[in-house]
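The structure appears right after this line, and notes come after that.
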Amino acid sequence: MPKDGIGASVKRKEDYRFITGQGAYTDDIDRPGQTHAVFVRSPHAHARIASVDTGAAAAMPGVVKILTGADYAADGLGGLPCGWQVTGKDGPMVEPAHPPLAVDRVRHVGDQLAVVIANSAAEARDAAEAVAVEYEPLAAAASIEAALSPGAPQVHDEAPGNLCYDWEIGDRADVDAAFAGAHHVTRIELVNNRLVPNAMEPRAAVAEYDRATREYTLYTTSQNPHVIRLLMGAFVLQLPEHRLRVVAPDVGGGFGSKIFHYAEEAILTWAAGKVARPIKWTAERAESFVTDAHGRDHVTVAELALDADGKFLGLKVDTRANMGAYLSTFAPCVPTYLYATLLAGQYTTPKIWCGVQAVFTHTVPVDAYRGAGRPEATFVVERIVETAAHEMGIDPAELRRRNFVPADAFPYQTPVALVYDSGDYEGTLAAALASADYDGFGARRAESEARGRLRGIGLSAYIEACGIAPSAVVGSLGARAGLYECGEVRVHPTGSVTFFTGTHSHGQGHETTFAQIIAERLGVDIDAVEVVHGDTAKIPFGMGTYGSRSLAVGGSALARALDKVETKAKRIAAHLMEASEADIEFADGQFTVAGTDRSVGFGDVALTAYVPHNYPIEELEPGLDETAYYDPANFTFPAGCHVCEVEVDPETGAVEIVNFAASDDFGNVINPMIVEGQVHGGIVQGVGQALLEGCVYDDEGQLATGSYMDYTMPRADDVPSFTVSTRTTPCPHNPLGVKGCGEAGAIAAPAAVMNAVHDALGSRGVSRIDMPATPARVWQALNA
Amino acid sequence: MPTVNMNVNGEAVSGEVEARTLLVQFLREKLRLTGTHVGCDTSQCGACVVHVDGVSAKSCTMLAVQCEGADVTTIEGLADGDALHPMQEAFRDNHGLQCGFCTPGMIMSALDLARRNSAPSEQEVREWLEGNICRCTGYHNIVKSIMAGARAMAAGQGG
């Protein structure tokens, strides 16, 4: 095995440019003759637009063009499309129009209605302030509760009662029957708090139009440039794909928020055609807060039925999910197919019912955010299991063991549609408990109590469905696209390799991980491999990066393309060595005739493919460049157990995480260093949700947490270092045996932290505390 | 428009700026030193940290004209040709970055700490980073990187 192959913690190839300040993010791109755009946005959560007067603004210095919603409408172009149609009990979801520039009504603070293009960003900003918009403010429904209350202000006329859909999975009567025979029923109510993704790089775009070639180019902060090209080209601007190039260069974090097709990139591309000069827009952070799709925002009631031994008999979950003011690209599938289907967790719960009402509100659209539905499901399952354990006086670890899907039961069909592929839940639980010194907790608690502190420990045995997704399955569930992945392995004449992938790396380290797979498989040096992503002009196609899919789906496409390269290279080698193709073996970069010392190197074969002087030209084309599309057979199911230990200061309500241990099963691991980094980052996003982050709208729909002064991002001194490890059951249905690791931390951590907080506060009679468990909330709960 | 003169990464530069031009805008837009980033507008995130006269400063919170005559160092000024600064090496060796956006500010901030405290404890590093936000790494490997980088600097490999 080459030293930089599979399983090695190879230092990242991409790091040099980032640590020397040479990354090329969208805002770093300047095009000749570039102009700058600033959007005019609604300060109201809900208002009728009485008039838009751009006269004074147009006369301001440096202004090139001002375009309004009326201008866009006059061009007869499309609205922003939704990529997933959920069908509820009463039929397909309500899918209101989403104009990229509002025409007559604005529906959330930050809703854009005009764009000002000027020679400098400062001039554009000055002029945007001079656009005179006359609003007639209307009452707003800024929360799920407000939107569902009788007589609530309507977000869309076509969605009576602000209901987008009312959906369910499972047979309610069947589940009720299971509850009828229960020894014990645990009931919890919870809020899954609304979060703002906050990738550190604000969204940005640069659009240009080449009049000579009639080509549009859009540089944009995207996790999936081909998806943006498809949505924007085909559905919004009606531009043919062969004259539309979308580039997602270095992207500074995504976490889901850069999956979606946003108005700004479409408007910039449209406007670039009109002004025939490049246009740049970069969000200010305050703008990100009111335009990036938010995450989570569920209100849930759940009930778990158990028999006298603590075996789960049934689970009922009733959830209301906030969609925001418009349907973002993947929003409808998040609280349904990415949520309710995970409610079996790691357990054999035989009967499950879940109902979900998706609700429009006068807030920013809500869509996938790291984990997307699966953190919400894990939070429900792991909070109710832990609560049931405490209520029944059974150790929480033991209650989980009694209900785990056994390691020999895979593939395992759950009652909520999914078939788990592989796993060892007892194994990850045991490893996490050992890392956390679970058995020594009692002594630590006593020591804390002696100091006047409350100590708690909490588990989270999570599961996620990743490797999104089998196209036929998601198609039957309402997805409007396939979710395969594409990879092209281009072997150059001297044997170096460029890999073009449809996935996109915005922190995940694909340039290294994919290169390791190629180095291992072809026996080439990792420095002889370059990974290219993020440009529709270079990569054949791609669905992008989200749902921990890049390795499981994109890596599988790579493996398949490498199969093709090897097959062809063997035929060339057989010809060169005048041997039978069946006798050719390939290892460590050498093709050998089995049982002989005759061999030829990979580089020689590559050269022969491109300089085919001695070549089976009648049977084989020259060249060594292979493309594969991989459509997964199933989701992958990473799972594991996270254990959090907290200490609460009852005087202040402050919660300190004193220990956090994780054991995760991600299938085979390519680069352990990168995997651990993904887990660390995910855990802190989960800790942020549990203890710090909460997006707050007031009753009028004003965002009260619109900056880092008000929205508490986790900082270095809010968290400890972590103990993370992996245990592997390989994925049985993809060629690399991998499952995905990007979201696990964010999925597992909130329940682990909140179970620990509840454990700490339980002795003081506190039974419910919602996220984020801020000092104020904890103190109030202790002093209620 | 006023003209501002300063030394950036050891080179004398000057340029016309508006009075309202921020140091970060001058660096990014006039000098095309795009390694210094802007991640927020409230002086919280620290992606814009540079050194002004040897001390870390948030370049989004200084006017360019305030730096008249100053020595400014940006992330582009750290490596000596192909030879990385030990703090840069430490971030790579310890996987102290993922998307890379906060990284220049982290490294510039870390350098200021290491010059004040050659062997910072984990807690000292975490408290020092109060003004730098990272959304990717969970800080675990950033803290490791800074402790290792400070040790390497103290061992005389640079500074």
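Lettering and numbering for the structure tokens are positional, with chains as A, B, ... in the shown order, residues counted from 1 in each chain, and ligands counted from 1 in the shown order.
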Just want the 7 Å neighbourhood of segment 505-516 of chain A, counted on only C-alpha atoms, with same-chain residues fewer than 6 positions away dropped. Output as a PDB file with all heavy atoms, in the first residue's frame.
ATOM      1  N   ASP A   4       0.508   7.052   1.272  1.00  0.00           N
ATOM      2  CA  ASP A   4      -0.582   8.030   1.302  1.00  0.00           C
ATOM      3  C   ASP A   4      -1.902   7.424   0.831  1.00  0.00           C
ATOM      4  O   ASP A   4      -2.749   8.111   0.294  1.00  0.00           O
ATOM      5  CB  ASP A   4      -0.214   9.239   0.444  1.00  0.00           C
ATOM      6  CG  ASP A   4       0.938  10.023   1.063  1.00  0.00           C
ATOM      7  OD1 ASP A   4       1.101   9.946   2.290  1.00  0.00           O
ATOM      8  OD2 ASP A   4       1.665  10.686   0.319  1.00  0.00           O
ATOM      9  N   GLY A   5      -2.047   6.120   1.011  1.00  0.00           N
ATOM     10  CA  GLY A   5      -3.253   5.446   0.532  1.00  0.00           C
ATOM     11  C   GLY A   5      -4.378   5.460   1.550  1.00  0.00           C
ATOM     12  O   GLY A   5      -4.403   6.260   2.501  1.00  0.00           O
ATOM     13  N   ILE A   6      -5.309   4.522   1.354  1.00  0.00           N
ATOM     14  CA  ILE A   6      -6.501   4.447   2.196  1.00  0.00           C
ATOM     15  C   ILE A   6      -6.108   4.101   3.631  1.00  0.00           C
ATOM     16  O   ILE A   6      -5.323   3.189   3.859  1.00  0.00           O
ATOM     17  CB  ILE A   6      -7.477   3.410   1.613  1.00  0.00           C
ATOM     18  CG1 ILE A   6      -8.075   3.962   0.306  1.00  0.00           C
ATOM     19  CG2 ILE A   6      -8.578   3.057   2.608  1.00  0.00           C
ATOM     20  CD1 ILE A   6      -8.896   2.964  -0.473  1.00  0.00           C
ATOM     21  N   ARG A  12      -3.445  17.537   4.440  1.00  0.00           N
ATOM     22  CA  ARG A  12      -4.315  17.905   3.319  1.00  0.00           C
ATOM     23  C   ARG A  12      -3.585  18.660   2.212  1.00  0.00           C
ATOM     24  O   ARG A  12      -2.836  19.606   2.474  1.00  0.00           O
ATOM     25  CB  ARG A  12      -5.492  18.749   3.809  1.00  0.00           C
ATOM     26  CG  ARG A  12      -6.398  18.019   4.785  1.00  0.00           C
ATOM     27  CD  ARG A  12      -7.760  18.653   4.889  1.00  0.00           C
ATOM     28  NE  ARG A  12      -7.686  20.112   4.904  1.00  0.00           N
ATOM     29  CZ  ARG A  12      -8.744  20.905   4.782  1.00  0.00           C
ATOM     30  NH1 ARG A  12      -9.945  20.378   4.641  1.00  0.00           N
ATOM     31  NH2 ARG A  12      -8.608  22.202   4.815  1.00  0.00           N
ATOM     32  N   LYS A  13      -3.862  18.232   0.989  1.00  0.00           N
ATOM     33  CA  LYS A  13      -3.277  18.880  -0.182  1.00  0.00           C
ATOM     34  C   LYS A  13      -3.765  20.322  -0.328  1.00  0.00           C
ATOM     35  O   LYS A  13      -3.054  21.183  -0.833  1.00  0.00           O
ATOM     36  CB  LYS A  13      -3.646  18.097  -1.458  1.00  0.00           C
ATOM     37  CG  LYS A  13      -2.968  16.738  -1.558  1.00  0.00           C
ATOM     38  CD  LYS A  13      -3.647  15.845  -2.594  1.00  0.00           C
ATOM     39  CE  LYS A  13      -3.416  16.287  -4.032  1.00  0.00           C
ATOM     40  NZ  LYS A  13      -2.073  15.984  -4.535  1.00  0.00           N
ATOM     41  N   GLU A  14      -4.994  20.584   0.117  1.00  0.00           N
ATOM     42  CA  GLU A  14      -5.553  21.926  -0.103  1.00  0.00           C
ATOM     43  C   GLU A  14      -5.032  22.961   0.882  1.00  0.00           C
ATOM     44  O   GLU A  14      -5.242  24.156   0.699  1.00  0.00           O
ATOM     45  CB  GLU A  14      -7.074  21.908  -0.059  1.00  0.00           C
ATOM     46  CG  GLU A  14      -7.738  21.098   1.040  1.00  0.00           C
ATOM     47  CD  GLU A  14      -7.992  19.644   0.657  1.00  0.00           C
ATOM     48  OE1 GLU A  14      -7.035  18.864   0.815  1.00  0.00           O
ATOM     49  OE2 GLU A  14      -9.095  19.293   0.236  1.00  0.00           O
ATOM     50  N   ASP A 250     -13.308  28.149  -4.215  1.00  0.00           N
ATOM     51  CA  ASP A 250     -13.174  27.850  -2.792  1.00  0.00           C
ATOM     52  C   ASP A 250     -14.396  28.417  -2.078  1.00  0.00           C
ATOM     53  O   ASP A 250     -14.768  29.577  -2.284  1.00  0.00           O
ATOM     54  CB  ASP A 250     -11.892  28.479  -2.233  1.00  0.00           C
ATOM     55  CG  ASP A 250     -10.655  27.691  -2.665  1.00  0.00           C
ATOM     56  OD1 ASP A 250     -10.760  26.470  -2.852  1.00  0.00           O
ATOM     57  OD2 ASP A 250      -9.587  28.315  -2.827  1.00  0.00           O
ATOM     58  N   VAL A 251     -15.007  27.581  -1.264  1.00  0.00           N
ATOM     59  CA  VAL A 251     -16.219  27.986  -0.546  1.00  0.00           C
ATOM     60  C   VAL A 251     -15.956  27.828   0.947  1.00  0.00           C
ATOM     61  O   VAL A 251     -15.508  26.768   1.396  1.00  0.00           O
ATOM     62  CB  VAL A 251     -17.436  27.157  -0.995  1.00  0.00           C
ATOM     63  CG1 VAL A 251     -18.643  27.433  -0.117  1.00  0.00           C
ATOM     64  CG2 VAL A 251     -17.767  27.463  -2.459  1.00  0.00           C
ATOM     65  N   GLY A 252     -16.229  28.891   1.673  1.00  0.00           N
ATOM     66  CA  GLY A 252     -15.881  28.924   3.089  1.00  0.00           C
ATOM     67  C   GLY A 252     -16.949  28.371   3.995  1.00  0.00           C
ATOM     68  O   GLY A 252     -17.553  29.075   4.795  1.00  0.00           O
ATOM     69  N   GLY A 253     -17.186  27.077   3.868  1.00  0.00           N
ATOM     70  CA  GLY A 253     -18.176  26.409   4.703  1.00  0.00           C
ATOM     71  C   GLY A 253     -19.561  26.504   4.092  1.00  0.00           C
ATOM     72  O   GLY A 253     -19.886  27.450   3.363  1.00  0.00           O
ATOM     73  N   GLY A 254     -20.367  25.479   4.351  1.00  0.00           N
ATOM     74  CA  GLY A 254     -21.715  25.474   3.782  1.00  0.00           C
ATOM     75  C   GLY A 254     -22.729  25.026   4.813  1.00  0.00           C
ATOM     76  O   GLY A 254     -23.661  25.737   5.132  1.00  0.00           O
ATOM     77  N   ILE A 526       0.716  10.381  -4.435  1.00  0.00           N
ATOM     78  CA  ILE A 526      -0.431  11.277  -4.219  1.00  0.00           C
ATOM     79  C   ILE A 526      -0.184  12.657  -4.825  1.00  0.00           C
ATOM     80  O   ILE A 526      -1.116  13.355  -5.230  1.00  0.00           O
ATOM     81  CB  ILE A 526      -0.787  11.351  -2.714  1.00  0.00           C
ATOM     82  CG1 ILE A 526      -2.188  11.936  -2.536  1.00  0.00           C
ATOM     83  CG2 ILE A 526       0.264  12.123  -1.937  1.00  0.00           C
ATOM     84  CD1 ILE A 526      -2.767  11.740  -1.153  1.00  0.00           C
ATOM     85  N   VAL A 529      -1.584  13.310  -8.293  1.00  0.00           N
ATOM     86  CA  VAL A 529      -3.048  13.302  -8.438  1.00  0.00           C
ATOM     87  C   VAL A 529      -3.592  14.685  -8.116  1.00  0.00           C
ATOM     88  O   VAL A 529      -3.223  15.289  -7.106  1.00  0.00           O
ATOM     89  CB  VAL A 529      -3.704  12.273  -7.482  1.00  0.00           C
ATOM     90  CG1 VAL A 529      -5.213  12.271  -7.660  1.00  0.00           C
ATOM     91  CG2 VAL A 529      -3.123  10.884  -7.712  1.00  0.00           C
ATOM     92  N   GLU A 530      -4.455  15.187  -8.961  1.00  0.00           N
ATOM     93  CA  GLU A 530      -5.119  16.460  -8.707  1.00  0.00           C
ATOM     94  C   GLU A 530      -6.627  16.210  -8.745  1.00  0.00           C
ATOM     95  O   GLU A 530      -7.112  15.509  -9.635  1.00  0.00           O
ATOM     96  CB  GLU A 530      -4.723  17.467  -9.795  1.00  0.00           C
ATOM     97  CG  GLU A 530      -4.777  18.905  -9.359  1.00  0.00           C
ATOM     98  CD  GLU A 530      -3.863  19.213  -8.168  1.00  0.00           C
ATOM     99  OE1 GLU A 530      -2.704  18.757  -8.165  1.00  0.00           O
ATOM    100  OE2 GLU A 530      -4.335  19.895  -7.240  1.00  0.00           O
ATOM    101  N   VAL A 531      -7.331  16.781  -7.784  1.00  0.00           N
ATOM    102  CA  VAL A 531      -8.786  16.628  -7.744  1.00  0.00           C
ATOM    103  C   VAL A 531      -9.418  17.974  -8.092  1.00  0.00           C
ATOM    104  O   VAL A 531      -9.073  19.000  -7.502  1.00  0.00           O
ATOM    105  CB  VAL A 531      -9.254  16.146  -6.352  1.00  0.00           C
ATOM    106  CG1 VAL A 531     -10.771  16.101  -6.275  1.00  0.00           C
ATOM    107  CG2 VAL A 531      -8.647  14.781  -6.044  1.00  0.00           C
ATOM    108  N   GLY A 555     -17.415   9.092  -4.011  1.00  0.00           N
ATOM    109  CA  GLY A 555     -16.278   8.174  -3.906  1.00  0.00           C
ATOM    110  C   GLY A 555     -16.563   6.861  -4.617  1.00  0.00           C
ATOM    111  O   GLY A 555     -15.671   6.241  -5.197  1.00  0.00           O
ATOM    112  N   ILE A 670     -11.144   6.523   5.190  1.00  0.00           N
ATOM    113  CA  ILE A 670     -10.051   6.782   4.248  1.00  0.00           C
ATOM    114  C   ILE A 670      -8.948   7.588   4.931  1.00  0.00           C
ATOM    115  O   ILE A 670      -7.774   7.263   4.842  1.00  0.00           O
ATOM    116  CB  ILE A 670     -10.567   7.551   2.998  1.00  0.00           C
ATOM    117  CG1 ILE A 670     -11.791   6.858   2.397  1.00  0.00           C
ATOM    118  CG2 ILE A 670      -9.442   7.728   1.974  1.00  0.00           C
ATOM    119  CD1 ILE A 670     -11.559   5.485   1.854  1.00  0.00           C
ATOM    120  N   ASN A 671      -9.343   8.690   5.613  1.00  0.00           N
ATOM    121  CA  ASN A 671      -8.367   9.566   6.263  1.00  0.00           C
ATOM    122  C   ASN A 671      -8.835   9.860   7.693  1.00  0.00           C
ATOM    123  O   ASN A 671      -9.709  10.705   7.908  1.00  0.00           O
ATOM    124  CB  ASN A 671      -8.210  10.866   5.470  1.00  0.00           C
ATOM    125  CG  ASN A 671      -7.110  11.760   6.031  1.00  0.00           C
ATOM    126  OD1 ASN A 671      -6.968  11.905   7.244  1.00  0.00           O
ATOM    127  ND2 ASN A 671      -6.330  12.367   5.142  1.00  0.00           N
TER     128      ASN A 671
ATOM    129  N   GLN B  98     -10.376  23.687   8.059  1.00  0.00           N
ATOM    130  CA  GLN B  98     -11.199  22.903   7.131  1.00  0.00           C
ATOM    131  C   GLN B  98     -11.515  23.746   5.901  1.00  0.00           C
ATOM    132  O   GLN B  98     -10.848  23.632   4.889  1.00  0.00           O
ATOM    133  CB  GLN B  98     -12.442  22.361   7.839  1.00  0.00           C
ATOM    134  CG  GLN B  98     -12.038  21.265   8.867  1.00  0.00           C
ATOM    135  CD  GLN B  98     -13.197  20.624   9.583  1.00  0.00           C
ATOM    136  OE1 GLN B  98     -14.330  20.629   9.123  1.00  0.00           O
ATOM    137  NE2 GLN B  98     -12.925  20.040  10.751  1.00  0.00           N
ATOM    138  N   CYS B  99     -12.495  24.661   6.001  1.00  0.00           N
ATOM    139  CA  CYS B  99     -12.806  25.452   4.801  1.00  0.00           C
ATOM    140  C   CYS B  99     -11.768  26.520   4.540  1.00  0.00           C
ATOM    141  O   CYS B  99     -11.672  27.037   3.438  1.00  0.00           O
ATOM    142  CB  CYS B  99     -14.198  26.063   4.884  1.00  0.00           C
ATOM    143  SG  CYS B  99     -14.311  27.588   5.860  1.00  0.00           S
TER     144      CYS B  99
END
Considering only C-alpha atoms, return as a short mmCIF file (atom, residue, chain, number, x, y, z; two decimals) with C-alpha atoms, in the first residue's frame whatever protein or nucleic-acid residues lie within 12 Å of Glu18 of chain B, sequence-local ones (same chain, fewer than 2 positions apart) excluded.
data_model
loop_
_atom_site.label_atom_id
_atom_site.label_comp_id
_atom_site.auth_asym_id
_atom_site.auth_seq_id
_atom_site.Cartn_x
_atom_site.Cartn_y
_atom_site.Cartn_z
CA SER A 120 -18.44 50.53 -6.55
CA ALA A 122 -20.11 51.88 -1.64
CA GLU A 123 -21.95 53.72 -4.41
CA MET B 1 -9.57 61.71 -1.60
CA PRO B 2 -6.83 61.32 1.01
CA THR B 3 -3.69 59.39 0.22
CA VAL B 4 -2.48 56.82 2.71
CA GLY B 15 -3.04 54.69 -2.41
CA GLU B 16 -5.94 57.06 -2.58
CA ARG B 20 -14.53 55.74 5.09
CA THR B 21 -12.34 53.06 3.48
CA LEU B 22 -11.55 50.33 5.98
CA LEU B 23 -8.09 48.84 6.28
CA GLN B 25 -10.94 47.13 2.01
CA PHE B 26 -7.63 48.80 1.25
CA LYS B 30 -6.51 48.16 -3.63
CA LEU B 63 -9.87 52.93 8.79
CA ALA B 64 -7.13 52.74 6.21
CA VAL B 65 -6.13 56.31 7.05
#
Interface, chain B side, toward chain A (7 Å; only C-alpha atoms) as JSON, numbers by chain: {"B": [34, 35, 39, 40, 41, 42, 44, 75, 76, 88, 92, 93, 98, 99, 100, 101, 102, 103, 104, 126, 127, 129, 130, 133, 134, 135, 136, 137, 138, 139, 140]}
Using C-alpha atoms, can you write the selected residues to a file as an mmCIF file, in the first residue's frame?
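And here's selection-v2.cif as it stands now:
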data_model
loop_
_atom_site.group_PDB
_atom_site.id
_atom_site.type_symbol
_atom_site.label_atom_id
_atom_site.label_comp_id
_atom_site.auth_asym_id
_atom_site.auth_seq_id
_atom_site.Cartn_x
_atom_site.Cartn_y
_atom_site.Cartn_z
ATOM 1 C CA THR B 34 -7.333 38.727 -0.536
ATOM 2 C CA GLY B 35 -6.044 36.387 2.162
ATOM 3 C CA GLY B 39 -16.821 37.249 7.945
ATOM 4 C CA CYS B 40 -19.031 39.673 9.837
ATOM 5 C CA ASP B 41 -19.808 43.334 10.219
ATOM 6 C CA THR B 42 -19.698 43.655 13.979
ATOM 7 C CA GLN B 44 -16.767 39.604 16.166
ATOM 8 C CA ILE B 75 -1.220 36.307 6.068
ATOM 9 C CA GLU B 76 0.548 36.736 2.717
ATOM 10 C CA GLN B 88 1.367 27.946 9.330
ATOM 11 C CA ARG B 92 -1.378 22.074 8.450
ATOM 12 C CA ASP B 93 0.228 19.384 10.607
ATOM 13 C CA GLN B 98 -11.199 22.903 7.131
ATOM 14 C CA CYS B 99 -12.806 25.452 4.801
ATOM 15 C CA GLY B 100 -9.900 27.835 5.356
ATOM 16 C CA PHE B 101 -11.962 30.999 5.600
ATOM 17 C CA CYS B 102 -11.245 31.839 9.241
ATOM 18 C CA THR B 103 -7.710 30.471 8.984
ATOM 19 C CA PRO B 104 -5.736 33.617 8.094
ATOM 20 C CA ARG B 126 -9.156 29.065 24.182
ATOM 21 C CA GLU B 127 -9.557 32.351 26.036
ATOM 22 C CA LEU B 129 -9.472 33.053 20.717
ATOM 23 C CA GLU B 130 -12.485 34.921 22.113
ATOM 24 C CA ILE B 133 -14.933 32.350 15.284
ATOM 25 C CA CYS B 134 -14.559 29.075 13.393
ATOM 26 C CA ARG B 135 -17.632 27.138 12.262
ATOM 27 C CA CYS B 136 -15.853 24.045 10.900
ATOM 28 C CA THR B 137 -13.276 22.638 13.277
ATOM 29 C CA GLY B 138 -14.949 22.819 16.670
ATOM 30 C CA TYR B 139 -11.687 24.519 17.734
ATOM 31 C CA HIS B 140 -10.189 21.190 18.903
#
State, in Å with one decimal place, the distance from atom CA of Val175 of chain A to atom CA of Ile352 of chain A.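 So the two atoms, atom CA of Val175 of chain A and atom CA of Ile352 of chain A, lie 6.2 Å apart.
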Which neighbours of Asn141 of chain B fall inside 8 Å, counting only C-alpha atoms, when residues of the same chain fewer than 6 positions from it are skipped, and could you give them as a ChimeraX atom specification? /A:677 /B:94-97
Kindly save the residues from that selection, with all heavy atoms included, as a short mmCIF file (atom, residue, chain, number, x, y, z; two decimals), in the first residue's frame.
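Here's the written file again-v4.cif:
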data_model
loop_
_atom_site.label_atom_id
_atom_site.label_comp_id
_atom_site.auth_asym_id
_atom_site.auth_seq_id
_atom_site.Cartn_x
_atom_site.Cartn_y
_atom_site.Cartn_z
N GLY A 677 -11.71 15.41 12.45
CA GLY A 677 -12.00 16.84 12.34
C GLY A 677 -13.47 17.10 12.03
O GLY A 677 -14.08 18.05 12.55
N ASN B 94 -1.59 19.79 12.15
CA ASN B 94 -2.60 19.41 13.14
C ASN B 94 -4.03 19.51 12.62
O ASN B 94 -4.96 19.48 13.39
CB ASN B 94 -2.43 20.27 14.40
CG ASN B 94 -1.15 19.96 15.13
OD1 ASN B 94 -1.04 18.96 15.82
ND2 ASN B 94 -0.14 20.80 14.94
N HIS B 95 -4.17 19.65 11.31
CA HIS B 95 -5.51 19.76 10.70
C HIS B 95 -6.32 20.87 11.38
O HIS B 95 -7.48 20.68 11.75
CB HIS B 95 -6.25 18.42 10.78
CG HIS B 95 -7.51 18.37 9.97
ND1 HIS B 95 -7.72 19.10 8.83
CD2 HIS B 95 -8.65 17.64 10.15
CE1 HIS B 95 -8.92 18.85 8.35
NE2 HIS B 95 -9.51 17.96 9.12
N GLY B 96 -5.66 22.02 11.52
CA GLY B 96 -6.29 23.14 12.21
C GLY B 96 -7.17 23.99 11.30
O GLY B 96 -7.52 25.12 11.67
N LEU B 97 -7.49 23.47 10.14
CA LEU B 97 -8.37 24.22 9.24
C LEU B 97 -9.19 23.25 8.42
O LEU B 97 -8.75 22.14 8.15
CB LEU B 97 -7.57 25.12 8.30
CG LEU B 97 -6.61 24.45 7.31
CD1 LEU B 97 -6.48 25.30 6.05
CD2 LEU B 97 -5.23 24.25 7.95
#
B:Cys67, B:Ser145, B:Asn132, B:Ala154 ranked by distance to Asn117 of chain B, top pick (using only C-alpha atoms):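 Distance minimum relative to Asn117 of chain B lands on B:Ala154.
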I'd like the interatomic distance between atom CA of Pro750 of chain A and atom CA of Asp297 of chain A, to a tenth of an Å.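 Between atom CA of Pro750 of chain A and atom CA of Asp297 of chain A the gap is 13.9 Å.
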Point-to-point distance from atom CA of His51 of chain B to atom CA of Gly156 of chain B, Å rounded to tenths: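 Calculated distance between atom CA of His51 of chain B and atom CA of Gly156 of chain B is 20.7 Å.
Of the residues under consideration (B:Leu84, B:Ala114, B:Val55, B:Ala119), B:Val55 shows the shortest atom-to-atom contact distance to Val72 of chain B when counting only C-alpha atoms.
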Can you tell me which residues surround Gly547 of chain A at a distance of at most 7 Å, considering only C-alpha atoms, apart from same-chain residues fewer than 3 positions away, and format the answer as a PDB file with N, CA and C atoms, in the first residue's frame?
ATOM      1  N   GLY A 371     -27.139  17.925   8.987  1.00  0.00           N
ATOM      2  CA  GLY A 371     -27.925  16.844   9.579  1.00  0.00           C
ATOM      3  C   GLY A 371     -29.336  16.792   9.016  1.00  0.00           C
ATOM      4  N   CYS A 466     -27.462   8.469   5.283  1.00  0.00           N
ATOM      5  CA  CYS A 466     -26.578   9.330   4.494  1.00  0.00           C
ATOM      6  C   CYS A 466     -26.388   8.720   3.110  1.00  0.00           C
ATOM      7  N   GLY A 467     -25.354   9.165   2.439  1.00  0.00           N
ATOM      8  CA  GLY A 467     -25.127   8.665   1.088  1.00  0.00           C
ATOM      9  C   GLY A 467     -26.332   8.912   0.210  1.00  0.00           C
ATOM     10  N   ILE A 468     -26.846  10.107   0.327  1.00  0.00           N
ATOM     11  CA  ILE A 468     -28.085  10.472  -0.369  1.00  0.00           C
ATOM     12  C   ILE A 468     -27.834  10.577  -1.871  1.00  0.00           C
TER      13      ILE A 468
END
Within 8 Å of Leu624 of chain A, counting only C-alpha atoms, which residues show up once you throw out same-chain ones fewer than 6 positions away? Write them as a PyMOL selection string, please. chain A and resi 490-492+565+568-569+606+609-610
Now that the selection is made, can you save its residues with N, CA, C and O atoms as a short mmCIF file (atom, residue, chain, number, x, y, z; two decimals), in the first residue's frame?
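Listing of again-v3.cif after writing:
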data_model
loop_
_atom_site.label_atom_id
_atom_site.label_comp_id
_atom_site.auth_asym_id
_atom_site.auth_seq_id
_atom_site.Cartn_x
_atom_site.Cartn_y
_atom_site.Cartn_z
N ARG A 490 -9.11 11.11 -15.37
CA ARG A 490 -8.34 11.37 -16.59
C ARG A 490 -6.87 11.07 -16.30
O ARG A 490 -6.21 11.80 -15.56
N VAL A 491 -6.42 9.96 -16.87
CA VAL A 491 -5.01 9.61 -16.73
C VAL A 491 -4.27 10.33 -17.85
O VAL A 491 -4.67 10.26 -19.02
N HIS A 492 -3.22 11.04 -17.49
CA HIS A 492 -2.45 11.80 -18.48
C HIS A 492 -1.36 10.91 -19.08
O HIS A 492 -1.02 9.87 -18.51
N VAL A 565 -10.83 2.29 -15.67
CA VAL A 565 -9.44 2.60 -16.03
C VAL A 565 -8.60 1.32 -15.95
O VAL A 565 -7.82 1.00 -16.86
N LYS A 568 -9.33 -1.18 -18.83
CA LYS A 568 -8.74 -0.79 -20.12
C LYS A 568 -7.23 -0.90 -20.06
O LYS A 568 -6.58 -1.38 -21.01
N ALA A 569 -6.66 -0.47 -18.94
CA ALA A 569 -5.20 -0.51 -18.82
C ALA A 569 -4.69 -1.94 -18.87
O ALA A 569 -3.62 -2.21 -19.42
N ALA A 606 -0.03 4.12 -19.57
CA ALA A 606 -0.67 5.41 -19.86
C ALA A 606 -0.06 6.03 -21.12
O ALA A 606 -0.77 6.54 -21.99
N ALA A 609 -1.27 4.41 -24.18
CA ALA A 609 -2.65 4.77 -24.51
C ALA A 609 -2.73 6.07 -25.31
O ALA A 609 -3.63 6.26 -26.12
N TYR A 610 -1.77 6.97 -25.04
CA TYR A 610 -1.80 8.27 -25.72
C TYR A 610 -0.82 8.36 -26.88
O TYR A 610 -0.89 9.29 -27.68
#
